[in-house]
Amino acid sequence: MNDKYTFNVKTERPEEKYESVIDYFKGKRLDEYALSKNMQRIQTRIAARALEILDLQDTNSLILDAGCGPGFASFYLKELGFKVVAFDLIGQFLTYYDLTNINPLVADMVNPPFKARTFDGIISISALQWIYRNIENESMERNFIILIKSFHKVLKFGSKIVFQFYPKSDHVLDKIGEIISRETPFQGGFIIDNPESPKKRRIFLELIKGDEI
Ligand SMILES: C[S@@+](CC[C@H](N)C(=O)[O-])C[C@H]1O[C@@H](n2cnc3c(N)ncnc32)[C@H](O)[C@@H]1O
């Protein structure tokens with residue numbers, strides 16, 4: 001999708017150590033994440049950048065926040081006046097704050113329970129690596145294909161998805177690009193902020209659903 005760019009993250013990430021996100025985000029760790037002001041600040045900053053890429057002109061737009069966690073990105077979008085629907089696999093994440101205005105639901109990103117052509121934009125912050133991270137794993141690839149096709153379906157024509165996530169290496173990016181080109185009509189590519197700094201590097205995947213022909 002983009003020009004060649006190489007990186008390889010050496011430190012082990014949680015999604016490599018834990019089979020399922022449900023095993024990782026529980027008990028004290030769930031509290032720490034949801035109640036951390038620092039985490040809220042970081043995730044809100046990422047959401048602001050994702051929104052910049054989404055480039056919505058109309059604040060009346062309806063945005064889906066997929067894998068919303070405690071709702072940090074959704075609060076930001078709501079504050080700006082957007083209409084928001086937020087969902088996460090872990091129901092307990094939705095119990096820390098008042099989420100009435102962001103229509104929270106418990107659902108799996110692999111099977112989002114929405115009608116076709118519902119959203120003007122979709123963002124997903126720091127969640128995709130839980131679904132697809134290992135290019136050798138066929139069941140992960142199958143799930144990713146279902147996810148990306150479902151996301152294509154629920155998006156309106158002419159709208160975009162912006163994923164921010166933590167791939168392990170450029171091989172994962174290549175594979176994601178290859179799967180999307182093979183399985184969907186999405187246009188788009190990767191946007192990498194601060195590519196030379198492993199600490200500050202942020203990877204976004206921008207996908208555009210073309211206009212209805
Ligand atoms: C690091 S947290 C990020 C949460 C939130 N987006 C934020 O920016 O604070 C990753 C989130 O992805 C969610 N997640 C992972 N796999 C998911 C799936 N299959 N369906 C829905 N949510 C999922 C987790 O439950 C968790 O809330």
# chains A, B, ... in the order shown; residues from 1 in each chain; ligands from 1
call {"tool": "residues_around", "arguments": {"residues": "Ile146 (chain A)", "least_positions_apart": "4", "cutoff": "12 Å", "atoms": "only C-alpha atoms", "output": "list of chain:residue names"}}
result
A:Asp108, A:Met109, A:Val110, A:Asn111, A:Pro112, A:Ile131, A:Tyr132, A:Ser139, A:Met140, A:Glu141, A:Arg142, A:Ser150, A:Phe151, A:His152, A:Lys153, A:Ile179, A:Ile180, A:Glu183, A:Thr184
call {"tool": "write_last_selection", "arguments": {"atoms": "C-alpha atoms", "output": "tab-separated table (two decimals), in the first residue's frame"}}
result
chain	number	residue	atom	x	y	z
A	108	ASP	CA	-17.06	-8.04	19.13
A	109	MET	CA	-15.20	-6.08	16.45
A	110	VAL	CA	-15.13	-9.24	14.38
A	111	ASN	CA	-18.90	-9.10	14.15
A	112	PRO	CA	-20.16	-5.52	14.64
A	131	ILE	CA	-7.27	-9.20	16.59
A	132	TYR	CA	-4.48	-9.46	14.05
A	139	SER	CA	-7.62	-18.14	12.37
A	140	MET	CA	-6.43	-14.58	13.10
A	141	GLU	CA	-6.33	-13.91	9.39
A	142	ARG	CA	-9.86	-15.30	8.98
A	150	SER	CA	-18.00	-6.08	8.17
A	151	PHE	CA	-16.49	-2.63	8.72
A	152	HIS	CA	-16.72	-1.98	4.99
A	153	LYS	CA	-20.38	-2.95	5.08
A	179	ILE	CA	-5.36	-8.80	2.82
A	180	ILE	CA	-7.28	-5.54	2.46
A	183	GLU	CA	-10.55	-8.93	0.12
A	184	THR	CA	-12.11	-5.46	-0.07
call {"tool": "residues_around", "arguments": {"residues": "Phe119 (chain A)", "least_positions_apart": "5", "cutoff": "7 Å", "atoms": "only C-alpha atoms", "output": "ChimeraX atom specification"}}
result
/A:62-64,154-156
call {"tool": "write_last_selection", "arguments": {"atoms": "N, CA, C and O atoms", "output": "compact mmCIF listing (two decimals), in the first residue's frame"}}
result
# COMPACT_ATOMS: atom_id res chain seq x y z
N LEU A 62 -22.07 10.74 12.24
CA LEU A 62 -22.15 9.65 13.22
C LEU A 62 -20.88 8.81 13.14
O LEU A 62 -20.57 8.23 12.09
N ILE A 63 -20.15 8.74 14.26
CA ILE A 63 -18.87 8.03 14.28
C ILE A 63 -18.97 6.79 15.19
O ILE A 63 -19.51 6.86 16.30
N LEU A 64 -18.41 5.71 14.70
CA LEU A 64 -18.32 4.49 15.50
C LEU A 64 -16.93 4.42 16.14
O LEU A 64 -15.92 4.56 15.45
N VAL A 154 -20.67 -1.63 7.13
CA VAL A 154 -21.41 -0.70 8.00
C VAL A 154 -21.07 0.77 7.75
O VAL A 154 -21.70 1.67 8.29
N LEU A 155 -20.07 1.00 6.90
CA LEU A 155 -19.65 2.36 6.57
C LEU A 155 -20.46 2.88 5.38
O LEU A 155 -20.77 2.13 4.46
N LYS A 156 -20.78 4.19 5.41
CA LYS A 156 -21.47 4.78 4.25
C LYS A 156 -20.48 4.95 3.10
O LYS A 156 -19.27 5.06 3.34
call {"tool": "residues_near_ligand", "arguments": {"ligand": "ligand 1", "cutoff": "7 Å", "atoms": "only C-alpha atoms and all ligand atoms", "output": "MDAnalysis selection string"}}
result
chainID A and resid 21:22 40 43 66:73 87:90 93 107:110 124:128 130:131
call {"tool": "atom_distance", "arguments": {"atom1": "CA of Leu99 (chain A)", "atom2": "CA of Lys78 (chain A)"}}
result
10.4 Å
call {"tool": "residues_around", "arguments": {"residues": "Glu12 (chain A)", "least_positions_apart": "3", "cutoff": "12 Å", "atoms": "only C-alpha atoms", "output": "PDB file with N, CA and C atoms, in the first residue's frame"}}
result
ATOM      1  N   ASN A   8      10.939  -3.248  13.481  1.00  0.00           N
ATOM      2  CA  ASN A   8      10.676  -4.505  14.163  1.00  0.00           C
ATOM      3  C   ASN A   8      10.717  -4.216  15.657  1.00  0.00           C
ATOM      4  N   VAL A   9       9.604  -4.402  16.339  1.00  0.00           N
ATOM      5  CA  VAL A   9       9.548  -4.078  17.766  1.00  0.00           C
ATOM      6  C   VAL A   9      10.069  -5.271  18.558  1.00  0.00           C
ATOM      7  N   GLU A  15      -0.428  -8.301  23.984  1.00  0.00           N
ATOM      8  CA  GLU A  15      -1.191  -9.210  23.107  1.00  0.00           C
ATOM      9  C   GLU A  15      -0.372 -10.422  22.669  1.00  0.00           C
ATOM     10  N   GLU A  16       0.952 -10.362  22.878  1.00  0.00           N
ATOM     11  CA  GLU A  16       1.772 -11.546  22.574  1.00  0.00           C
ATOM     12  C   GLU A  16       1.797 -12.497  23.775  1.00  0.00           C
ATOM     13  N   LYS A  17       1.690 -11.902  24.965  1.00  0.00           N
ATOM     14  CA  LYS A  17       1.763 -12.727  26.184  1.00  0.00           C
ATOM     15  C   LYS A  17       0.422 -13.359  26.539  1.00  0.00           C
ATOM     16  N   TYR A  18      -0.664 -12.671  26.175  1.00  0.00           N
ATOM     17  CA  TYR A  18      -1.995 -13.151  26.571  1.00  0.00           C
ATOM     18  C   TYR A  18      -2.772 -13.613  25.347  1.00  0.00           C
ATOM     19  N   TYR A 166      -0.815  -1.154  17.060  1.00  0.00           N
ATOM     20  CA  TYR A 166       0.594  -1.443  17.350  1.00  0.00           C
ATOM     21  C   TYR A 166       1.041  -2.740  16.683  1.00  0.00           C
ATOM     22  N   PRO A 167       1.320  -2.693  15.371  1.00  0.00           N
ATOM     23  CA  PRO A 167       1.842  -3.902  14.724  1.00  0.00           C
ATOM     24  C   PRO A 167       3.261  -4.174  15.187  1.00  0.00           C
ATOM     25  N   LYS A 168       3.615  -5.444  15.171  1.00  0.00           N
ATOM     26  CA  LYS A 168       4.920  -5.870  15.658  1.00  0.00           C
ATOM     27  C   LYS A 168       6.048  -5.511  14.681  1.00  0.00           C
ATOM     28  N   SER A 169       5.740  -5.548  13.392  1.00  0.00           N
ATOM     29  CA  SER A 169       6.795  -5.328  12.402  1.00  0.00           C
ATOM     30  C   SER A 169       6.181  -4.883  11.073  1.00  0.00           C
TER      31      SER A 169
END
call {"tool": "decode", "arguments": {"residues": "region 6-108 of chain A", "atoms": "C-alpha atoms", "output": "mmCIF file, in the first residue's frame"}}
result
data_model
loop_
_atom_site.group_PDB
_atom_site.id
_atom_site.type_symbol
_atom_site.label_atom_id
_atom_site.label_comp_id
_atom_site.auth_asym_id
_atom_site.auth_seq_id
_atom_site.Cartn_x
_atom_site.Cartn_y
_atom_site.Cartn_z
ATOM 1 C CA THR A 6 11.005 -1.227 7.958
ATOM 2 C CA PHE A 7 10.773 -1.669 11.691
ATOM 3 C CA ASN A 8 10.676 -4.505 14.163
ATOM 4 C CA VAL A 9 9.548 -4.078 17.766
ATOM 5 C CA LYS A 10 11.717 -6.168 20.071
ATOM 6 C CA THR A 11 9.866 -5.728 23.373
ATOM 7 C CA GLU A 12 7.061 -8.179 24.023
ATOM 8 C CA ARG A 13 3.618 -6.592 23.981
ATOM 9 C CA PRO A 14 0.612 -7.715 26.100
ATOM 10 C CA GLU A 15 -1.191 -9.210 23.107
ATOM 11 C CA GLU A 16 1.772 -11.546 22.574
ATOM 12 C CA LYS A 17 1.763 -12.727 26.184
ATOM 13 C CA TYR A 18 -1.995 -13.151 26.571
ATOM 14 C CA GLU A 19 -4.101 -15.353 24.336
ATOM 15 C CA SER A 20 -7.188 -13.175 24.751
ATOM 16 C CA VAL A 21 -7.745 -9.514 25.572
ATOM 17 C CA ILE A 22 -10.241 -10.669 28.220
ATOM 18 C CA ASP A 23 -7.429 -12.427 30.105
ATOM 19 C CA TYR A 24 -5.319 -9.277 30.032
ATOM 20 C CA PHE A 25 -7.823 -6.555 30.896
ATOM 21 C CA LYS A 26 -9.305 -7.748 34.148
ATOM 22 C CA GLY A 27 -9.286 -6.881 37.861
ATOM 23 C CA LYS A 28 -6.685 -4.351 38.929
ATOM 24 C CA ARG A 29 -5.336 -3.821 35.411
ATOM 25 C CA LEU A 30 -8.781 -2.877 34.129
ATOM 26 C CA ASP A 31 -9.172 -0.317 36.971
ATOM 27 C CA GLU A 32 -5.701 1.082 36.394
ATOM 28 C CA TYR A 33 -6.306 1.582 32.670
ATOM 29 C CA ALA A 34 -9.794 3.030 32.984
ATOM 30 C CA LEU A 35 -8.962 5.396 35.851
ATOM 31 C CA SER A 36 -5.571 6.616 34.632
ATOM 32 C CA LYS A 37 -5.581 10.330 33.772
ATOM 33 C CA ASN A 38 -2.307 9.867 31.921
ATOM 34 C CA MET A 39 -3.778 7.084 29.775
ATOM 35 C CA GLN A 40 -6.802 9.254 29.072
ATOM 36 C CA ARG A 41 -4.496 12.088 27.961
ATOM 37 C CA ILE A 42 -2.461 9.807 25.650
ATOM 38 C CA GLN A 43 -5.487 8.072 24.104
ATOM 39 C CA THR A 44 -7.301 11.376 23.593
ATOM 40 C CA ARG A 45 -4.269 12.760 21.757
ATOM 41 C CA ILE A 46 -4.256 9.697 19.470
ATOM 42 C CA ALA A 47 -8.009 10.084 18.909
ATOM 43 C CA ALA A 48 -7.479 13.737 17.936
ATOM 44 C CA ARG A 49 -4.963 12.676 15.295
ATOM 45 C CA ALA A 50 -7.301 9.916 14.056
ATOM 46 C CA LEU A 51 -10.071 12.484 13.728
ATOM 47 C CA GLU A 52 -7.752 14.756 11.760
ATOM 48 C CA ILE A 53 -7.160 11.878 9.306
ATOM 49 C CA LEU A 54 -10.884 11.055 9.220
ATOM 50 C CA ASP A 55 -11.355 14.654 8.054
ATOM 51 C CA LEU A 56 -15.099 14.959 8.653
ATOM 52 C CA GLN A 57 -16.528 18.323 7.661
ATOM 53 C CA ASP A 58 -19.856 17.955 9.426
ATOM 54 C CA THR A 59 -19.995 17.656 13.246
ATOM 55 C CA ASN A 60 -23.432 16.114 12.805
ATOM 56 C CA SER A 61 -21.660 12.995 11.488
ATOM 57 C CA LEU A 62 -22.154 9.646 13.216
ATOM 58 C CA ILE A 63 -18.867 8.026 14.279
ATOM 59 C CA LEU A 64 -18.323 4.487 15.504
ATOM 60 C CA ASP A 65 -15.617 4.020 18.172
ATOM 61 C CA ALA A 66 -14.659 0.333 17.857
ATOM 62 C CA GLY A 67 -12.906 -1.203 20.873
ATOM 63 C CA CYS A 68 -13.699 1.928 22.900
ATOM 64 C CA GLY A 69 -12.427 0.692 26.289
ATOM 65 C CA PRO A 70 -13.588 3.148 28.985
ATOM 66 C CA GLY A 71 -14.594 5.649 26.281
ATOM 67 C CA PHE A 72 -11.699 8.136 26.111
ATOM 68 C CA ALA A 73 -11.863 8.706 22.340
ATOM 69 C CA SER A 74 -15.666 8.806 22.378
ATOM 70 C CA PHE A 75 -15.726 11.525 25.074
ATOM 71 C CA TYR A 76 -13.438 13.629 22.927
ATOM 72 C CA LEU A 77 -15.595 13.164 19.814
ATOM 73 C CA LYS A 78 -18.748 13.880 21.771
ATOM 74 C CA GLU A 79 -17.252 17.074 23.216
ATOM 75 C CA LEU A 80 -16.667 18.290 19.671
ATOM 76 C CA GLY A 81 -20.337 17.687 18.894
ATOM 77 C CA PHE A 82 -20.172 14.457 16.888
ATOM 78 C CA LYS A 83 -22.760 11.715 17.320
ATOM 79 C CA VAL A 84 -21.032 8.634 18.666
ATOM 80 C CA VAL A 85 -21.708 4.927 19.061
ATOM 81 C CA ALA A 86 -19.078 3.090 21.112
ATOM 82 C CA PHE A 87 -18.578 -0.605 21.706
ATOM 83 C CA ASP A 88 -16.138 -2.936 23.371
ATOM 84 C CA LEU A 89 -15.782 -6.655 23.947
ATOM 85 C CA ILE A 90 -15.294 -6.165 27.689
ATOM 86 C CA GLY A 91 -18.548 -5.027 29.284
ATOM 87 C CA GLN A 92 -16.841 -3.931 32.489
ATOM 88 C CA PHE A 93 -14.921 -1.262 30.600
ATOM 89 C CA LEU A 94 -18.248 0.447 30.005
ATOM 90 C CA THR A 95 -18.999 0.851 33.707
ATOM 91 C CA TYR A 96 -16.456 3.467 34.826
ATOM 92 C CA TYR A 97 -17.993 6.670 33.448
ATOM 93 C CA ASP A 98 -21.384 7.957 32.403
ATOM 94 C CA LEU A 99 -21.583 6.767 28.800
ATOM 95 C CA THR A 100 -25.236 7.603 28.176
ATOM 96 C CA ASN A 101 -24.341 10.031 25.371
ATOM 97 C CA ILE A 102 -22.173 7.617 23.460
ATOM 98 C CA ASN A 103 -24.652 4.751 23.145
ATOM 99 C CA PRO A 104 -22.351 2.068 24.565
ATOM 100 C CA LEU A 105 -22.686 -1.585 23.729
ATOM 101 C CA VAL A 106 -20.851 -4.804 24.311
ATOM 102 C CA ALA A 107 -19.884 -6.386 21.011
ATOM 103 C CA ASP A 108 -17.055 -8.042 19.128
#
